[in-house]
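This report refers to the structure that appears directly beneath it.
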Amino acid sequence: MKILQGSFPLQVVPLPQFAELALREVESLGVAKPRIEGSIITGYTDWEAAYRCIYQARLAMRVLAPLTRTSIRTKDELYAAAAAIEWGRLITPDTTFAVDVQGQHAEFSRLGYAALVVKDAVVDRCRTADGVRPSVDTANPDLRIHLYLSDRGSSVLSLDIGHGSLHRRGYRSVEAPAPLNEVLAASILEYAGYAPRRPLLDPFCGYGTILMEAAMRLLAVPAGYFRTPAFQPDPDWGNPVAWQRVRSSALEQMDRRCQQAERSIREPVLFGGDIDEAAVHSAERTLQRLPLGGIISSFEVRDAMQLICPRSDIPGLVVTNPPYDERVKTPDTAGLYRGFSLQAKQVLPDWSVHVVTGSETGAKAFALRTRNKLQVYNGQLRCTLLSADILPPKKLTIPRKEHP
């Protein structure tokens, strides 16, 4: 008998600051009774809704199927919890697996040690009478096990049914030197209120992550469309038929959206600029991997201090990740942020600006009046998301003279 049949529990792991936005996305993809527990979205699903989350969710870092939830205080209790699971229904001696651990626990200051405890429990449970056992492959395993550790509540052992972190979209043609997490980029676009066809400008576009996430949303390209290796359901405990239905439906939706865009979009709606010529060309190539990518986007090598307003009948959004010394050396961080924001104020009336930065110096020098500041993480790097609305210039009114 297979596990995870009918309706089964699901956990979707978003970036914590955007859990409310991810909750709406998960609900729209068919997960039943979703709610936020801590910073994780829990609910119930069948395989089709689970596969939609894996393939189409833009704000999800991981998609997990919990196997056991229990309070763990010691190494022995962790081993016992892991060993109690019937791994033989999931793993054969030929299966490779890996254990990923997240969370915090006083007993496990090194999360890698907790992973070893779970690994030993799995191997001991699956070892055959003649000593044959499954192997660990941390790079490309057949099965990923996920452990969320907590010493303040329940710890959870799950199957990682999405096969790892879903921020790895797979669309970059080259490895960027200071990449913005793709799920963070997608989450900021949602937070900023980006709507397809609304003009979007990234004046520090680098290798194009923000604009690519916007383009994929505009054209209904699934988040997992370029993922390599391509997702495949496990034939033993997954549901290949449900997967094919979900994938076919998503690609049909993408085709319809692209046909609509081809008929209605006559000029670019996504604009990228950067002073780094190589990065701009790379971003342009990345967007061109999409249907209509060369039509809906426009790139130029330009200093953000010389910002110009894109041609558009409606005010748009600036969403950008300027450089900062943590990852990209910047001679004058304060001058860069101040100069860019002052230029935006001059040339982008009625636009909204959203800047994510890991530089305190840059954030303090940002010259627009912010309506909100949000702490976010780009990987392990703590950043600030600054949001501001640019008001149109005030019209001078000349008082009328009263004639005697």
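Labeling convention for the structure tokens: chains A, B, ... as they appear, residues from 1 per chain, ligands from 1 in order of appearance.
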Show me, as a Markdown table, the residues of region 315-364 of chain A having an atom within 12 Å of region 370-374 of chain A, each with the closest atom pair and its distance in Å, using only C-alpha atoms.
| residue | atom | partner | partner_atom | distance |
| --- | --- | --- | --- | --- |
| A:Ser341 | CA | A:Thr370 | CA | 11.1 |
| A:Ser352 | CA | A:Thr370 | CA | 10.2 |
| A:Val353 | CA | A:Thr370 | CA | 9.1 |
| A:His354 | CA | A:Thr370 | CA | 9.3 |
| A:Val355 | CA | A:Lys373 | CA | 9.7 |
| A:Val356 | CA | A:Leu374 | CA | 9.1 |
| A:Thr357 | CA | A:Leu374 | CA | 10.7 |
| A:Gly358 | CA | A:Leu374 | CA | 11.8 |
| A:Ala363 | CA | A:Lys373 | CA | 9.8 |
| A:Lys364 | CA | A:Thr370 | CA | 10.9 |
N, CA and C atoms of the current selection, written as a PDB file, in the first residue's frame:
ATOM      1  N   SER A 341      18.198  57.838  -5.669  1.00  0.00           N
ATOM      2  CA  SER A 341      16.859  58.160  -5.158  1.00  0.00           C
ATOM      3  C   SER A 341      16.456  59.592  -5.514  1.00  0.00           C
ATOM      4  N   SER A 352       6.072  54.125  -7.768  1.00  0.00           N
ATOM      5  CA  SER A 352       6.436  53.555  -6.469  1.00  0.00           C
ATOM      6  C   SER A 352       7.810  52.915  -6.586  1.00  0.00           C
ATOM      7  N   VAL A 353       8.592  53.026  -5.516  1.00  0.00           N
ATOM      8  CA  VAL A 353       9.970  52.530  -5.519  1.00  0.00           C
ATOM      9  C   VAL A 353      10.146  51.547  -4.366  1.00  0.00           C
ATOM     10  N   HIS A 354      10.730  50.395  -4.684  1.00  0.00           N
ATOM     11  CA  HIS A 354      10.990  49.365  -3.678  1.00  0.00           C
ATOM     12  C   HIS A 354      12.441  48.917  -3.844  1.00  0.00           C
ATOM     13  N   VAL A 355      13.240  49.165  -2.810  1.00  0.00           N
ATOM     14  CA  VAL A 355      14.678  48.901  -2.850  1.00  0.00           C
ATOM     15  C   VAL A 355      15.027  47.905  -1.757  1.00  0.00           C
ATOM     16  N   VAL A 356      15.650  46.794  -2.131  1.00  0.00           N
ATOM     17  CA  VAL A 356      16.119  45.830  -1.139  1.00  0.00           C
ATOM     18  C   VAL A 356      17.640  45.939  -1.067  1.00  0.00           C
ATOM     19  N   THR A 357      18.147  46.122   0.152  1.00  0.00           N
ATOM     20  CA  THR A 357      19.581  46.351   0.319  1.00  0.00           C
ATOM     21  C   THR A 357      20.093  45.723   1.601  1.00  0.00           C
ATOM     22  N   GLY A 358      21.331  45.282   1.550  1.00  0.00           N
ATOM     23  CA  GLY A 358      21.999  44.773   2.742  1.00  0.00           C
ATOM     24  C   GLY A 358      22.930  45.796   3.351  1.00  0.00           C
ATOM     25  N   ALA A 363      20.864  52.348   3.056  1.00  0.00           N
ATOM     26  CA  ALA A 363      19.487  52.571   3.516  1.00  0.00           C
ATOM     27  C   ALA A 363      19.343  53.948   4.153  1.00  0.00           C
ATOM     28  N   LYS A 364      20.346  54.363   4.930  1.00  0.00           N
ATOM     29  CA  LYS A 364      20.286  55.674   5.581  1.00  0.00           C
ATOM     30  C   LYS A 364      20.396  56.807   4.564  1.00  0.00           C
TER      31      LYS A 364
END
Within 12 Å of Glu252 (chain A), counting only C-alpha atoms, which residues qualify if same-chain residues fewer than 4 places away don't, as a VMD selection string? chain A and resid 219 to 222 245 to 248 256 to 259
Of A:Leu21, A:Ile210, A:Ile72, A:Leu200, the one nearest to Leu180 (chain A) when counting only C-alpha atoms is A:Ile210
Using CA of Glu48 (chain A) and CA of Arg35 (chain A) as the two end points, give the distance in Å to one decimal.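 So the answer is 19.1 Å.
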Please return, as a count of residues only, all residues of region 133-271 of chain A that DSSP assigns to helix (DSSP H, G or I) on the basis of the backbone. 46
Find the spatial neighbours of region 116-132 of chain A, counting only C-alpha atoms, within a cut-off of 12 Å - ignore same-chain residues fewer than 3 positions away - and output them as a VMD selection string. chain A and resid 74 to 101 108 110 to 113 135 to 138 143 to 149 156 to 158
For the selection you just gave me, I'd like the residues written to a file as a short mmCIF file (atom, residue, chain, number, x, y, z; two decimals), in the first residue's frame, keeping N, CA and C atoms.
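Written out: part_39.cif:
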data_model
loop_
_atom_site.label_atom_id
_atom_site.label_comp_id
_atom_site.auth_asym_id
_atom_site.auth_seq_id
_atom_site.Cartn_x
_atom_site.Cartn_y
_atom_site.Cartn_z
N THR A 74 16.30 14.99 23.15
CA THR A 74 17.64 14.40 23.15
C THR A 74 17.92 13.72 21.81
N LYS A 75 19.18 13.34 21.66
CA LYS A 75 19.59 12.56 20.48
C LYS A 75 18.82 11.25 20.40
N ASP A 76 18.65 10.57 21.52
CA ASP A 76 17.95 9.28 21.52
C ASP A 76 16.49 9.43 21.10
N GLU A 77 15.86 10.51 21.53
CA GLU A 77 14.47 10.73 21.14
C GLU A 77 14.36 11.03 19.65
N LEU A 78 15.33 11.75 19.11
CA LEU A 78 15.33 12.01 17.67
C LEU A 78 15.52 10.71 16.90
N TYR A 79 16.46 9.89 17.34
CA TYR A 79 16.71 8.60 16.67
C TYR A 79 15.44 7.75 16.71
N ALA A 80 14.79 7.68 17.87
CA ALA A 80 13.59 6.85 18.01
C ALA A 80 12.46 7.35 17.11
N ALA A 81 12.30 8.67 17.02
CA ALA A 81 11.24 9.22 16.17
C ALA A 81 11.49 8.89 14.70
N ALA A 82 12.75 8.99 14.27
CA ALA A 82 13.08 8.69 12.88
C ALA A 82 12.98 7.19 12.60
N ALA A 83 13.41 6.37 13.55
CA ALA A 83 13.39 4.92 13.34
C ALA A 83 11.98 4.35 13.35
N ALA A 84 11.03 5.07 13.93
CA ALA A 84 9.65 4.57 14.00
C ALA A 84 8.92 4.66 12.66
N ILE A 85 9.45 5.42 11.72
CA ILE A 85 8.80 5.58 10.42
C ILE A 85 9.10 4.36 9.55
N GLU A 86 8.11 3.91 8.81
CA GLU A 86 8.28 2.74 7.94
C GLU A 86 8.99 3.15 6.65
N TRP A 87 10.28 3.36 6.76
CA TRP A 87 11.05 3.84 5.62
C TRP A 87 11.09 2.82 4.49
N GLY A 88 10.88 1.56 4.81
CA GLY A 88 10.89 0.54 3.77
C GLY A 88 9.82 0.73 2.71
N ARG A 89 8.79 1.51 3.03
CA ARG A 89 7.76 1.82 2.04
C ARG A 89 8.18 2.95 1.10
N LEU A 90 9.31 3.58 1.43
CA LEU A 90 9.81 4.71 0.64
C LEU A 90 11.18 4.45 0.04
N ILE A 91 11.97 3.63 0.71
CA ILE A 91 13.38 3.47 0.37
C ILE A 91 13.71 2.00 0.19
N THR A 92 14.42 1.69 -0.88
CA THR A 92 14.97 0.35 -1.10
C THR A 92 16.48 0.42 -0.91
N PRO A 93 17.16 -0.72 -0.86
CA PRO A 93 18.63 -0.67 -0.73
C PRO A 93 19.31 0.09 -1.86
N ASP A 94 18.62 0.23 -3.01
CA ASP A 94 19.21 0.95 -4.15
C ASP A 94 18.93 2.44 -4.12
N THR A 95 18.09 2.89 -3.19
CA THR A 95 17.71 4.30 -3.11
C THR A 95 18.81 5.12 -2.46
N THR A 96 19.10 6.29 -3.04
CA THR A 96 19.98 7.25 -2.37
C THR A 96 19.10 8.30 -1.70
N PHE A 97 19.58 8.82 -0.57
CA PHE A 97 18.78 9.82 0.15
C PHE A 97 19.69 10.84 0.79
N ALA A 98 19.10 11.95 1.20
CA ALA A 98 19.81 13.01 1.92
C ALA A 98 18.88 13.53 3.00
N VAL A 99 19.47 14.12 4.04
CA VAL A 99 18.71 14.69 5.15
C VAL A 99 19.07 16.17 5.26
N ASP A 100 18.08 17.04 5.13
CA ASP A 100 18.26 18.48 5.33
C ASP A 100 17.63 18.87 6.65
N VAL A 101 18.30 19.74 7.40
CA VAL A 101 17.82 20.14 8.72
C VAL A 101 17.73 21.66 8.79
N PHE A 108 21.22 20.37 19.77
CA PHE A 108 21.90 20.17 18.49
C PHE A 108 22.43 21.52 18.01
N ARG A 110 24.98 21.96 16.30
CA ARG A 110 25.34 21.74 14.90
C ARG A 110 24.20 20.95 14.25
N LEU A 111 23.53 21.56 13.32
CA LEU A 111 22.40 20.88 12.67
C LEU A 111 22.86 19.66 11.88
N GLY A 112 24.11 19.69 11.43
CA GLY A 112 24.63 18.53 10.72
C GLY A 112 24.66 17.28 11.57
N TYR A 113 24.83 17.45 12.88
CA TYR A 113 24.82 16.30 13.79
C TYR A 113 23.43 15.68 13.83
N SER A 135 22.17 4.28 0.43
CA SER A 135 23.34 5.16 0.50
C SER A 135 22.90 6.62 0.57
N VAL A 136 23.80 7.44 1.12
CA VAL A 136 23.57 8.88 1.19
C VAL A 136 24.19 9.55 -0.03
N ASP A 137 23.44 10.46 -0.65
CA ASP A 137 23.93 11.29 -1.75
C ASP A 137 23.40 12.70 -1.52
N THR A 138 24.25 13.57 -1.01
CA THR A 138 23.78 14.92 -0.67
C THR A 138 23.57 15.80 -1.89
N LEU A 143 15.75 10.64 -2.83
CA LEU A 143 14.77 11.03 -1.82
C LEU A 143 15.39 12.05 -0.88
N ARG A 144 14.66 13.12 -0.61
CA ARG A 144 15.12 14.10 0.38
C ARG A 144 14.21 14.04 1.60
N ILE A 145 14.85 13.92 2.76
CA ILE A 145 14.15 13.94 4.04
C ILE A 145 14.43 15.29 4.67
N HIS A 146 13.40 15.91 5.22
CA HIS A 146 13.55 17.23 5.83
C HIS A 146 13.19 17.14 7.31
N LEU A 147 14.08 17.67 8.15
CA LEU A 147 13.83 17.73 9.59
C LEU A 147 13.76 19.19 10.01
N TYR A 148 12.64 19.55 10.61
CA TYR A 148 12.54 20.86 11.25
C TYR A 148 12.66 20.65 12.75
N LEU A 149 13.71 21.22 13.35
CA LEU A 149 14.00 21.03 14.77
C LEU A 149 13.54 22.22 15.59
N VAL A 156 9.47 18.24 13.33
CA VAL A 156 8.72 17.57 12.27
C VAL A 156 9.70 16.91 11.30
N LEU A 157 9.47 15.63 11.03
CA LEU A 157 10.18 14.90 9.98
C LEU A 157 9.26 14.79 8.78
N SER A 158 9.77 15.18 7.61
CA SER A 158 8.93 15.23 6.42
C SER A 158 9.66 14.66 5.22
#
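Distance check against Phe226 (chain A) using only C-alpha atoms: of A:Leu15, A:Ala176, A:Leu290, A:Val269, the minimum falls on A:Leu290.
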Any chance you could tabulate, as JSON lines, the residues of region 166-278 of chain A at most 10 Å from region 304-327 of chain A with each one's nearest atom pair and distance in Å to one decimal, using only C-alpha atoms, in chain and rising number order?
{"residue": "A:Pro177", "atom": "CA", "partner": "A:Arg327", "partner_atom": "CA", "distance": 8.0}
{"residue": "A:Ala178", "atom": "CA", "partner": "A:Arg327", "partner_atom": "CA", "distance": 5.9}
{"residue": "A:Pro179", "atom": "CA", "partner": "A:Arg327", "partner_atom": "CA", "distance": 9.3}
{"residue": "A:Leu180", "atom": "CA", "partner": "A:Asn321", "partner_atom": "CA", "distance": 7.8}
{"residue": "A:Ala185", "atom": "CA", "partner": "A:Val319", "partner_atom": "CA", "distance": 8.9}
{"residue": "A:Ile188", "atom": "CA", "partner": "A:Val319", "partner_atom": "CA", "distance": 7.9}
{"residue": "A:Leu189", "atom": "CA", "partner": "A:Val319", "partner_atom": "CA", "distance": 7.3}
{"residue": "A:Ala192", "atom": "CA", "partner": "A:Leu317", "partner_atom": "CA", "distance": 7.9}
{"residue": "A:Gly193", "atom": "CA", "partner": "A:Leu317", "partner_atom": "CA", "distance": 8.7}
{"residue": "A:Tyr194", "atom": "CA", "partner": "A:Leu317", "partner_atom": "CA", "distance": 7.3}
{"residue": "A:Ala195", "atom": "CA", "partner": "A:Leu317", "partner_atom": "CA", "distance": 9.6}
{"residue": "A:Arg197", "atom": "CA", "partner": "A:Gly316", "partner_atom": "CA", "distance": 9.4}
{"residue": "A:Arg198", "atom": "CA", "partner": "A:Gly316", "partner_atom": "CA", "distance": 5.8}
{"residue": "A:Pro199", "atom": "CA", "partner": "A:Gly316", "partner_atom": "CA", "distance": 4.6}
{"residue": "A:Leu200", "atom": "CA", "partner": "A:Leu317", "partner_atom": "CA", "distance": 4.9}
{"residue": "A:Leu201", "atom": "CA", "partner": "A:Val318", "partner_atom": "CA", "distance": 4.8}
{"residue": "A:Asp202", "atom": "CA", "partner": "A:Thr320", "partner_atom": "CA", "distance": 5.0}
{"residue": "A:Pro203", "atom": "CA", "partner": "A:Ala304", "partner_atom": "CA", "distance": 5.6}
{"residue": "A:Phe204", "atom": "CA", "partner": "A:Pro322", "partner_atom": "CA", "distance": 5.4}
{"residue": "A:Cys205", "atom": "CA", "partner": "A:Thr320", "partner_atom": "CA", "distance": 6.8}
{"residue": "A:Gly206", "atom": "CA", "partner": "A:Asn321", "partner_atom": "CA", "distance": 8.6}
{"residue": "A:Thr209", "atom": "CA", "partner": "A:Thr320", "partner_atom": "CA", "distance": 9.8}
{"residue": "A:Ile210", "atom": "CA", "partner": "A:Thr320", "partner_atom": "CA", "distance": 7.3}
{"residue": "A:Leu211", "atom": "CA", "partner": "A:Val319", "partner_atom": "CA", "distance": 8.9}
{"residue": "A:Glu267", "atom": "CA", "partner": "A:Arg311", "partner_atom": "CA", "distance": 9.2}
{"residue": "A:Pro268", "atom": "CA", "partner": "A:Arg311", "partner_atom": "CA", "distance": 8.9}
{"residue": "A:Val269", "atom": "CA", "partner": "A:Ser312", "partner_atom": "CA", "distance": 8.1}
{"residue": "A:Leu270", "atom": "CA", "partner": "A:Pro310", "partner_atom": "CA", "distance": 9.2}
{"residue": "A:Phe271", "atom": "CA", "partner": "A:Pro310", "partner_atom": "CA", "distance": 7.4}
{"residue": "A:Gly272", "atom": "CA", "partner": "A:Thr320", "partner_atom": "CA", "distance": 9.6}
{"residue": "A:Gly273", "atom": "CA", "partner": "A:Ala304", "partner_atom": "CA", "distance": 7.5}
{"residue": "A:Asp274", "atom": "CA", "partner": "A:Ala304", "partner_atom": "CA", "distance": 7.0}
{"residue": "A:Ile275", "atom": "CA", "partner": "A:Ala304", "partner_atom": "CA", "distance": 7.5}
Which one is closest to Pro34 (chain A): A:Ile296, A:Leu336, A:Ala49, A:Leu348? Count only C-alpha atoms.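 The closest residue to Pro34 (chain A) is A:Ala49.
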Could you state the separation of CA of Ala57 (chain A) and CA of Leu292 (chain A) in Å, given to one decimal place? 21.8 Å
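Here CA of Ser39 (chain A) stands at a distance of 26.4 Å from CA of Met212 (chain A).
Looking only at region 72-146 of chain A, the set that DSSP places in strand (DSSP E or B) from backbone geometry is Thr96, Phe97, Ala98, Val99, Asp100, Val101, Gln102, Gly103, Gln104, Ser135, Val136, Leu143, Arg144, Ile145 and His146 of chain A.
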Contacts of Asn378 (chain A) within 8 Å, only C-alpha atoms, excl. fewer than 4 positions in-chain, as a PDB file with N, CA and C atoms, in the first residue's frame:
ATOM      1  N   LEU A 180      20.319  37.646  -6.326  1.00  0.00           N
ATOM      2  CA  LEU A 180      19.163  37.836  -5.461  1.00  0.00           C
ATOM      3  C   LEU A 180      18.359  36.545  -5.484  1.00  0.00           C
ATOM      4  N   ASN A 181      18.011  36.044  -4.301  1.00  0.00           N
ATOM      5  CA  ASN A 181      17.204  34.834  -4.209  1.00  0.00           C
ATOM      6  C   ASN A 181      15.930  34.998  -5.049  1.00  0.00           C
ATOM      7  N   LEU A 184      12.774  35.440  -3.122  1.00  0.00           N
ATOM      8  CA  LEU A 184      12.732  36.785  -2.550  1.00  0.00           C
ATOM      9  C   LEU A 184      12.303  37.794  -3.607  1.00  0.00           C
ATOM     10  N   ARG A 382      21.090  39.580   6.089  1.00  0.00           N
ATOM     11  CA  ARG A 382      19.954  40.400   6.502  1.00  0.00           C
ATOM     12  C   ARG A 382      19.899  41.666   5.659  1.00  0.00           C
ATOM     13  N   CYS A 383      18.719  41.966   5.159  1.00  0.00           N
ATOM     14  CA  CYS A 383      18.525  43.119   4.282  1.00  0.00           C
ATOM     15  C   CYS A 383      17.324  43.932   4.754  1.00  0.00           C
TER      16      CYS A 383
END
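If you measure from each of A:Ala114, A:Leu386, A:Ala223, A:Ala32 to Arg58 (chain A) using only C-alpha atoms, the closest one turns out to be A:Ala223.
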From the set A:Glu175, A:Glu27, A:Glu107, A:Glu20, which residue has the shortest atom-to-atom contact distance to Tyr191 (chain A), counting only C-alpha atoms?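 So, comparing all the options, the nearest one is A:Glu20.
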Spatial neighbours of Arg227 (chain A), max dist 7 Å, only C-alpha atoms, sep filter under 3 positions, as an MDAnalysis selection string: chainID A and resid 168:170 224 230
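The smallest atom-to-atom distance between Ile295 (chain A) and any of A:Val63, A:Cys53, A:Ile265, A:Val174, using only C-alpha atoms, is found for A:Ile265.
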Exercise: Gly293 (chain A) partners within 9 Å, only C-alpha atoms, chain neighbours under 6 positions left out, as a PyMOL selection string: chain A and resi 212+215+284-287
